[in-house]
file work_11.cif (mmCIF, C-alpha atoms)
data_coords
#
loop_
_atom_site.group_PDB
_atom_site.id
_atom_site.type_symbol
_atom_site.label_atom_id
_atom_site.label_comp_id
_atom_site.auth_asym_id
_atom_site.auth_seq_id
_atom_site.Cartn_x
_atom_site.Cartn_y
_atom_site.Cartn_z
ATOM 1 C CA MET E 1 -20.659 11.878 20.961
ATOM 2 C CA ASP E 2 -20.132 15.624 21.349
ATOM 3 C CA PRO E 3 -16.908 16.548 19.457
ATOM 4 C CA GLU E 4 -16.323 19.447 21.842
ATOM 5 C CA LEU E 5 -16.362 16.999 24.754
ATOM 6 C CA ASN E 6 -13.849 14.814 22.953
ATOM 7 C CA GLN E 7 -11.568 17.820 22.478
ATOM 8 C CA GLU E 8 -11.890 18.718 26.160
ATOM 9 C CA GLN E 9 -10.947 15.187 27.224
ATOM 10 C CA ALA E 10 -7.948 15.185 24.890
ATOM 11 C CA THR E 11 -6.786 18.549 26.219
ATOM 12 C CA THR E 12 -7.089 17.328 29.804
ATOM 13 C CA ALA E 13 -5.099 14.182 28.968
ATOM 14 C CA ASP E 14 -2.358 16.280 27.350
ATOM 15 C CA GLU E 15 -2.172 18.521 30.412
ATOM 16 C CA THR E 16 -1.751 15.601 32.824
ATOM 17 C CA ARG E 17 0.579 13.489 30.697
ATOM 18 C CA ALA E 18 4.162 13.148 31.943
ATOM 19 C CA THR E 19 6.745 15.534 30.553
ATOM 20 C CA THR E 20 9.513 14.476 32.950
ATOM 21 C CA GLY E 21 11.680 11.349 32.814
ATOM 22 C CA LEU E 22 13.846 9.923 35.590
ATOM 23 C CA VAL E 23 16.445 7.206 35.169
ATOM 24 C CA MET E 24 17.268 5.331 38.367
ATOM 25 C CA CYS E 25 20.987 4.607 38.545
ATOM 26 C CA GLY E 26 22.030 4.551 42.181
ATOM 27 C CA GLY E 27 22.041 0.824 42.969
ATOM 28 C CA GLU E 28 25.119 -1.152 43.975
ATOM 29 C CA GLY E 29 24.671 -3.833 41.308
ATOM 30 C CA THR E 30 26.148 -6.587 43.461
ATOM 31 C CA ARG E 31 24.445 -9.425 41.542
ATOM 32 C CA LEU E 32 26.109 -8.383 38.275
ATOM 33 C CA ARG E 33 29.540 -7.745 39.771
ATOM 34 C CA PRO E 34 30.989 -11.277 39.204
ATOM 35 C CA ALA E 35 30.943 -10.525 35.467
ATOM 36 C CA VAL E 36 31.936 -6.854 35.468
ATOM 37 C CA GLY E 37 34.281 -6.378 38.433
ATOM 38 C CA ASP E 38 34.324 -2.850 39.823
ATOM 39 C CA THR E 39 32.450 -1.302 36.904
ATOM 40 C CA GLU E 40 29.366 0.478 38.195
ATOM 41 C CA LYS E 41 26.240 -1.229 36.934
ATOM 42 C CA PRO E 42 24.868 1.709 34.879
ATOM 43 C CA LEU E 43 28.205 1.910 33.046
ATOM 44 C CA VAL E 44 28.236 -1.776 32.087
ATOM 45 C CA LYS E 45 28.112 -2.044 28.317
ATOM 46 C CA VAL E 46 25.386 -3.810 26.367
ATOM 47 C CA GLY E 47 25.838 -3.943 22.622
ATOM 48 C CA GLY E 48 29.020 -1.908 23.033
ATOM 49 C CA GLU E 49 27.323 0.999 24.811
ATOM 50 C CA PRO E 50 26.885 1.758 28.538
ATOM 51 C CA MET E 51 23.385 0.878 29.686
ATOM 52 C CA ILE E 52 22.876 4.338 31.165
ATOM 53 C CA ASP E 53 23.597 5.953 27.771
ATOM 54 C CA ARG E 54 21.013 3.737 26.097
ATOM 55 C CA VAL E 55 18.318 4.663 28.610
ATOM 56 C CA VAL E 56 19.130 8.374 28.561
ATOM 57 C CA SER E 57 19.033 8.350 24.755
ATOM 58 C CA ALA E 58 15.570 6.765 24.826
ATOM 59 C CA LEU E 59 14.280 9.382 27.248
ATOM 60 C CA GLN E 60 15.785 12.245 25.264
ATOM 61 C CA ALA E 61 14.358 10.917 22.002
ATOM 62 C CA SER E 62 10.870 10.702 23.512
ATOM 63 C CA SER E 63 8.299 13.470 23.883
ATOM 64 C CA LEU E 64 9.496 14.227 27.421
ATOM 65 C CA THR E 65 10.983 17.668 27.915
ATOM 66 C CA THR E 66 12.930 17.103 31.141
ATOM 67 C CA VAL E 67 15.349 14.256 31.892
ATOM 68 C CA ALA E 68 16.860 13.606 35.311
ATOM 69 C CA ALA E 69 18.993 10.850 36.789
ATOM 70 C CA ALA E 70 19.005 9.622 40.384
ATOM 71 C CA VAL E 71 22.542 8.736 41.490
ATOM 72 C CA SER E 72 23.849 7.779 44.914
ATOM 73 C CA PRO E 73 27.112 7.407 46.844
ATOM 74 C CA ALA E 74 27.357 3.931 45.277
ATOM 75 C CA THR E 75 27.622 5.352 41.744
ATOM 76 C CA PRO E 76 30.097 8.264 41.723
ATOM 77 C CA GLU E 77 31.536 7.325 38.318
ATOM 78 C CA THR E 78 28.047 7.225 36.848
ATOM 79 C CA ALA E 79 27.384 10.687 38.271
ATOM 80 C CA ALA E 80 30.610 11.978 36.728
ATOM 81 C CA HIS E 81 29.700 10.381 33.409
ATOM 82 C CA LEU E 82 26.249 11.954 33.386
ATOM 83 C CA ALA E 83 27.701 15.355 34.263
ATOM 84 C CA GLU E 84 29.159 15.338 30.748
ATOM 85 C CA VAL E 85 25.796 14.588 29.104
ATOM 86 C CA ASP E 86 23.854 17.629 27.961
ATOM 87 C CA GLY E 87 20.293 17.962 29.177
ATOM 88 C CA VAL E 88 20.449 15.569 32.138
ATOM 89 C CA GLU E 89 19.884 16.836 35.680
ATOM 90 C CA CYS E 90 21.579 14.688 38.313
ATOM 91 C CA ILE E 91 19.821 14.205 41.643
ATOM 92 C CA THR E 92 21.921 12.720 44.423
ATOM 93 C CA THR E 93 19.970 10.406 46.721
ATOM 94 C CA ALA E 94 21.001 8.740 49.955
ATOM 95 C CA GLY E 95 21.346 5.306 48.381
ATOM 96 C CA GLU E 96 19.036 3.618 50.859
ATOM 97 C CA GLY E 97 17.341 1.376 48.304
ATOM 98 C CA TYR E 98 15.372 1.700 45.092
ATOM 99 C CA VAL E 99 12.040 2.683 46.632
ATOM 100 C CA ALA E 100 13.535 5.205 49.065
ATOM 101 C CA ASP E 101 15.757 6.738 46.372
ATOM 102 C CA LEU E 102 12.832 6.900 43.959
ATOM 103 C CA GLY E 103 10.708 8.788 46.466
ATOM 104 C CA GLU E 104 13.555 11.161 47.258
ATOM 105 C CA ALA E 105 14.178 11.934 43.583
ATOM 106 C CA VAL E 106 10.554 12.241 42.477
ATOM 107 C CA ALA E 107 9.914 14.707 45.308
ATOM 108 C CA GLN E 108 12.203 17.109 43.445
ATOM 109 C CA LEU E 109 10.474 16.687 40.083
ATOM 110 C CA LYS E 110 7.181 17.473 38.440
ATOM 111 C CA THR E 111 4.713 14.597 38.421
ATOM 112 C CA PRO E 112 3.610 12.549 36.639
ATOM 113 C CA THR E 113 7.140 11.289 36.007
ATOM 114 C CA VAL E 114 8.190 8.412 33.781
ATOM 115 C CA THR E 115 10.795 6.363 35.641
ATOM 116 C CA VAL E 116 13.169 3.888 34.027
ATOM 117 C CA ALA E 117 15.737 1.636 35.664
ATOM 118 C CA ALA E 118 19.242 2.051 34.246
ATOM 119 C CA ASP E 119 19.421 -1.706 33.730
ATOM 120 C CA LEU E 120 16.671 -1.704 31.072
ATOM 121 C CA PRO E 121 19.058 -1.132 28.137
ATOM 122 C CA LEU E 122 16.704 -1.905 25.244
ATOM 123 C CA VAL E 123 13.959 0.518 26.245
ATOM 124 C CA THR E 124 12.976 2.880 23.423
ATOM 125 C CA ALA E 125 11.430 6.311 23.080
ATOM 126 C CA GLY E 126 8.312 4.549 21.844
ATOM 127 C CA HIS E 127 8.018 2.617 25.093
ATOM 128 C CA VAL E 128 8.425 5.825 27.092
ATOM 129 C CA ASP E 129 5.780 7.696 25.115
ATOM 130 C CA ARG E 130 3.382 4.769 25.261
ATOM 131 C CA ALA E 131 3.737 4.587 29.049
ATOM 132 C CA ALA E 132 3.159 8.324 29.414
ATOM 133 C CA ALA E 133 0.095 8.227 27.176
ATOM 134 C CA THR E 134 -1.346 5.146 28.868
ATOM 135 C CA ALA E 135 -0.898 6.555 32.364
ATOM 136 C CA GLY E 136 -2.248 10.033 31.783
ATOM 137 C CA GLY E 137 -2.051 11.545 35.265
ATOM 138 C CA ASP E 138 -2.100 8.202 37.064
ATOM 139 C CA SER E 139 0.655 5.907 38.271
ATOM 140 C CA LEU E 140 1.503 2.958 36.050
ATOM 141 C CA SER E 141 3.599 -0.187 36.318
ATOM 142 C CA VAL E 142 4.637 -1.840 33.050
ATOM 143 C CA CYS E 143 5.148 -5.607 33.252
ATOM 144 C CA VAL E 144 5.882 -8.435 30.821
ATOM 145 C CA PRO E 145 4.650 -12.024 31.058
ATOM 146 C CA ALA E 146 6.879 -14.206 33.206
ATOM 147 C CA ALA E 147 6.789 -16.765 30.385
ATOM 148 C CA LEU E 148 8.518 -14.239 28.120
ATOM 149 C CA THR E 149 11.441 -13.653 30.480
ATOM 150 C CA ALA E 150 11.833 -17.398 30.883
ATOM 151 C CA ALA E 151 11.841 -17.934 27.118
ATOM 152 C CA LEU E 152 14.523 -15.270 26.696
ATOM 153 C CA GLY E 153 16.668 -16.662 29.508
ATOM 154 C CA VAL E 154 16.315 -13.575 31.714
ATOM 155 C CA SER E 155 16.096 -13.813 35.496
ATOM 156 C CA ALA E 156 12.887 -12.717 37.196
ATOM 157 C CA GLU E 157 13.913 -10.995 40.418
ATOM 158 C CA THR E 158 10.323 -10.103 41.298
ATOM 159 C CA THR E 159 7.068 -11.602 40.076
ATOM 160 C CA THR E 160 3.484 -10.609 40.650
ATOM 161 C CA GLU E 161 0.126 -11.417 39.060
ATOM 162 C CA ALA E 162 -2.078 -9.663 36.542
ATOM 163 C CA ASP E 163 -5.390 -11.189 35.521
ATOM 164 C CA GLY E 164 -4.325 -14.397 37.216
ATOM 165 C CA GLU E 165 -1.094 -14.758 35.204
ATOM 166 C CA PRO E 166 2.469 -14.377 36.550
ATOM 167 C CA VAL E 167 4.159 -11.208 35.316
ATOM 168 C CA VAL E 168 7.494 -9.481 35.857
ATOM 169 C CA PRO E 169 7.935 -5.716 36.443
ATOM 170 C CA THR E 170 10.127 -4.208 33.738
ATOM 171 C CA GLY E 171 11.582 -1.161 35.463
ATOM 172 C CA LEU E 172 9.477 1.166 33.304
ATOM 173 C CA ASN E 173 6.875 2.993 35.391
ATOM 174 C CA VAL E 174 5.003 6.229 35.755
ATOM 175 C CA VAL E 175 4.697 7.955 39.127
ATOM 176 C CA GLY E 176 1.543 10.016 38.936
ATOM 177 C CA ASP E 177 -0.918 11.789 41.162
ATOM 178 C CA GLY E 178 -3.785 9.384 40.554
ATOM 179 C CA ALA E 179 -4.506 5.733 41.226
ATOM 180 C CA GLY E 180 -1.951 3.143 40.176
ATOM 181 C CA ARG E 181 -2.510 0.277 37.786
ATOM 182 C CA THR E 182 -0.574 -2.429 35.996
ATOM 183 C CA VAL E 183 -0.325 -3.091 32.279
ATOM 184 C CA VAL E 184 1.231 -6.137 30.632
ATOM 185 C CA TRP E 185 3.036 -5.650 27.330
ATOM 186 C CA VAL E 186 4.503 -8.535 25.361
ATOM 187 C CA ASP E 187 7.768 -7.011 24.185
ATOM 188 C CA ASP E 188 11.192 -8.672 24.176
ATOM 189 C CA ARG E 189 12.993 -5.367 24.650
ATOM 190 C CA LEU E 190 11.218 -4.659 27.923
ATOM 191 C CA ALA E 191 11.977 -8.145 29.250
ATOM 192 C CA PHE E 192 15.719 -7.537 29.358
ATOM 193 C CA ASN E 193 16.255 -6.170 32.848
ATOM 194 C CA ILE E 194 19.946 -6.815 33.448
ATOM 195 C CA ASN E 195 20.561 -7.946 37.020
ATOM 196 C CA ARG E 196 22.841 -10.970 36.693
ATOM 197 C CA PRO E 197 25.670 -12.167 34.419
ATOM 198 C CA ASP E 198 23.304 -14.565 32.626
ATOM 199 C CA ASP E 199 20.971 -11.660 31.849
ATOM 200 C CA ARG E 200 23.785 -9.797 30.158
ATOM 201 C CA ARG E 201 24.708 -12.841 28.115
ATOM 202 C CA ALA E 202 21.051 -13.294 27.138
ATOM 203 C CA VAL E 203 20.672 -9.728 25.876
ATOM 204 C CA GLU E 204 23.886 -9.945 23.865
ATOM 205 C CA ARG E 205 22.629 -13.159 22.232
ATOM 206 C CA TRP E 206 19.331 -11.438 21.414
ATOM 207 C CA LEU E 207 21.123 -8.453 19.897
ATOM 208 C CA ASP E 208 23.329 -10.766 17.824
ATOM 209 C CA ARG E 209 20.262 -12.616 16.493
ATOM 210 C CA THR E 210 18.502 -9.346 15.725
ATOM 211 C CA ASP E 211 21.537 -8.034 13.848
ATOM 212 C CA GLN E 212 21.738 -11.250 11.828
ATOM 213 C CA THR E 213 18.119 -10.913 10.687
ATOM 214 C CA LYS E 214 18.952 -7.475 9.262
ATOM 215 C CA LEU E 215 21.704 -8.810 7.015
#
call {"tool": "encode", "arguments": {"input": "work_11.cif", "output": "structure tokens"}}
result
Amino acid sequence: MDPELNQEQATTADETRATTGLVMCGGEGTRLRPAVGDTEKPLVKVGGEPMIDRVVSALQASSLTTVAAAVSPATPETAAHLAEVDGVECITTAGEGYVADLGEAVAQLKTPTVTVAADLPLVTAGHVDRAAATAGGDSLSVCVPAALTAALGVSAETTTEADGEPVVPTGLNVVGDGAGRTVVWVDDRLAFNINRPDDRRAVERWLDRTDQTKL
């Protein structure tokens, strides 16, 4: 194959790859509230650290050059918290639901944009970079097998199918200018989408086990 053609394809991929990250943190978090009271969902701690801080750290440690956060009237304390974090641009949305808020926020950013839900506390910079590289200029939805969430004791709020198998969206996506597609990654960290009290207990158990294996 022509090496010059390979170089041209690589350059094109680099030009279309996402450089912007958006953390979605404007939801009301009503399903988690029985365990956390009035604490806004993004500020709920996992492993001793607010979930929003974990996600922002992953985005900032990735290859992305711009990090934004979509807040809403339901998360004023989260907005105030993020105002103290260097390098994060807050975008206030109407709070009319995840999809509507996502569209409102992305319209103010450069696409393709890597989007991460604030309740995906174990996401890493590696996950973010892998999603950006896999998507190129297209849209991408990252899922995990439904069997994995069940094995970990995590609730599956939404399920779909990929290659005939049930899968669960992770909250890690890319909004691009091209066609959308779904990928399925088998990764415990991406399975922990914290929506309910049992999910929080499950992730803390997983973190405890992981810490024990390092001793």
call {"tool": "residues_around", "arguments": {"input": "work_11.cif", "residues": "Arg196 of chain E", "least_positions_apart": "4", "cutoff": "8 Å", "atoms": "all atoms listed in the file", "output": "VMD selection string"}}
result
chain E and resid 31 to 32 155 200
call {"tool": "residues_near_point", "arguments": {"input": "work_11.cif", "point": "(15.2, -15.8, 28.8)", "cutoff": "9 Å", "atoms": "only C-alpha atoms", "output": "ChimeraX atom specification"}}
result
/E:147-155,191-192,199,202-203
call {"tool": "resolve_selection", "arguments": {"input": "work_11.cif", "expression": "the PyMOL selection byres ((chain E and resi 96) around 12)", "output": "list in words"}}
result
Gly26, Gly27, Glu28, Val71, Ser72, Pro73, Ala74, Thr92, Thr93, Ala94, Gly95, Gly97, Tyr98, Val99, Ala100, Asp101, Leu102, Gly103 and Glu104 of chain E
call {"tool": "closest_residue", "arguments": {"input": "work_11.cif", "among": "E:Glu89, E:Asp187, E:Glu40, E:Asp177", "to": "Leu122 of chain E", "atoms": "only C-alpha atoms"}}
result
E:Asp187
call {"tool": "closest_residue", "arguments": {"input": "work_11.cif", "among": "E:Pro166, E:Gly137, E:Pro121, E:Pro34", "to": "Gly48 of chain E", "atoms": "only C-alpha atoms"}}
result
E:Pro121
call {"tool": "residues_around", "arguments": {"input": "work_11.cif", "residues": "segment 160-163 of chain E", "least_positions_apart": "5", "cutoff": "8 Å", "atoms": "all atoms listed in the file", "output": "ChimeraX atom specification"}}
result
/E:168-169,182,184
call {"tool": "write_last_selection", "arguments": {"input": "work_11.cif", "atoms": "C-alpha atoms", "output": "compact mmCIF listing (two decimals), in the coordinates of the input"}}
result
# COMPACT_ATOMS: atom_id res chain seq x y z
CA VAL E 168 7.49 -9.48 35.86
CA PRO E 169 7.94 -5.72 36.44
CA THR E 182 -0.57 -2.43 36.00
CA VAL E 184 1.23 -6.14 30.63
call {"tool": "residues_around", "arguments": {"input": "work_11.cif", "residues": "Arg189 of chain E", "least_positions_apart": "5", "cutoff": "10 Å", "atoms": "all atoms listed in the file", "output": "ChimeraX atom specification"}}
result
/E:120-124,127,144,170,203,206-207
call {"tool": "atom_distance", "arguments": {"input": "work_11.cif", "atom1": "atom CA of Val56 of chain E", "atom2": "atom CA of Ala35 of chain E"}}
result
23.3 Å
call {"tool": "residues_around", "arguments": {"input": "work_11.cif", "residues": "Met24 of chain E", "least_positions_apart": "6", "cutoff": "10 Å", "atoms": "all atoms listed in the file", "output": "PyMOL selection string"}}
result
chain E and resi 42+52+55+68-72+91+98+101-102+105+115-119+171
call {"tool": "residues_near_point", "arguments": {"input": "work_11.cif", "point": "(-3.2, 11.8, 38.2)", "cutoff": "7 Å", "atoms": "only C-alpha atoms", "output": "ChimeraX atom specification"}}
result
/E:16,136-138,176-179
call {"tool": "resolve_selection", "arguments": {"input": "work_11.cif", "expression": "the PyMOL selection byres ((chain E and resi 126) around 10)", "output": "number ranges by chain"}}
result
E: 58-59, 61-63, 123-125, 127-132
call {"tool": "write_last_selection", "arguments": {"input": "work_11.cif", "atoms": "C-alpha atoms", "output": "PDB file, in the frame of the given file"}}
result
ATOM      1  CA  ALA E  58      15.570   6.765  24.826  1.00  0.00           C
ATOM      2  CA  LEU E  59      14.280   9.382  27.248  1.00  0.00           C
ATOM      3  CA  ALA E  61      14.358  10.917  22.002  1.00  0.00           C
ATOM      4  CA  SER E  62      10.870  10.702  23.512  1.00  0.00           C
ATOM      5  CA  SER E  63       8.299  13.470  23.883  1.00  0.00           C
ATOM      6  CA  VAL E 123      13.959   0.518  26.245  1.00  0.00           C
ATOM      7  CA  THR E 124      12.976   2.880  23.423  1.00  0.00           C
ATOM      8  CA  ALA E 125      11.430   6.311  23.080  1.00  0.00           C
ATOM      9  CA  HIS E 127       8.018   2.617  25.093  1.00  0.00           C
ATOM     10  CA  VAL E 128       8.425   5.825  27.092  1.00  0.00           C
ATOM     11  CA  ASP E 129       5.780   7.696  25.115  1.00  0.00           C
ATOM     12  CA  ARG E 130       3.382   4.769  25.261  1.00  0.00           C
ATOM     13  CA  ALA E 131       3.737   4.587  29.049  1.00  0.00           C
ATOM     14  CA  ALA E 132       3.159   8.324  29.414  1.00  0.00           C
TER      15      ALA E 132
END
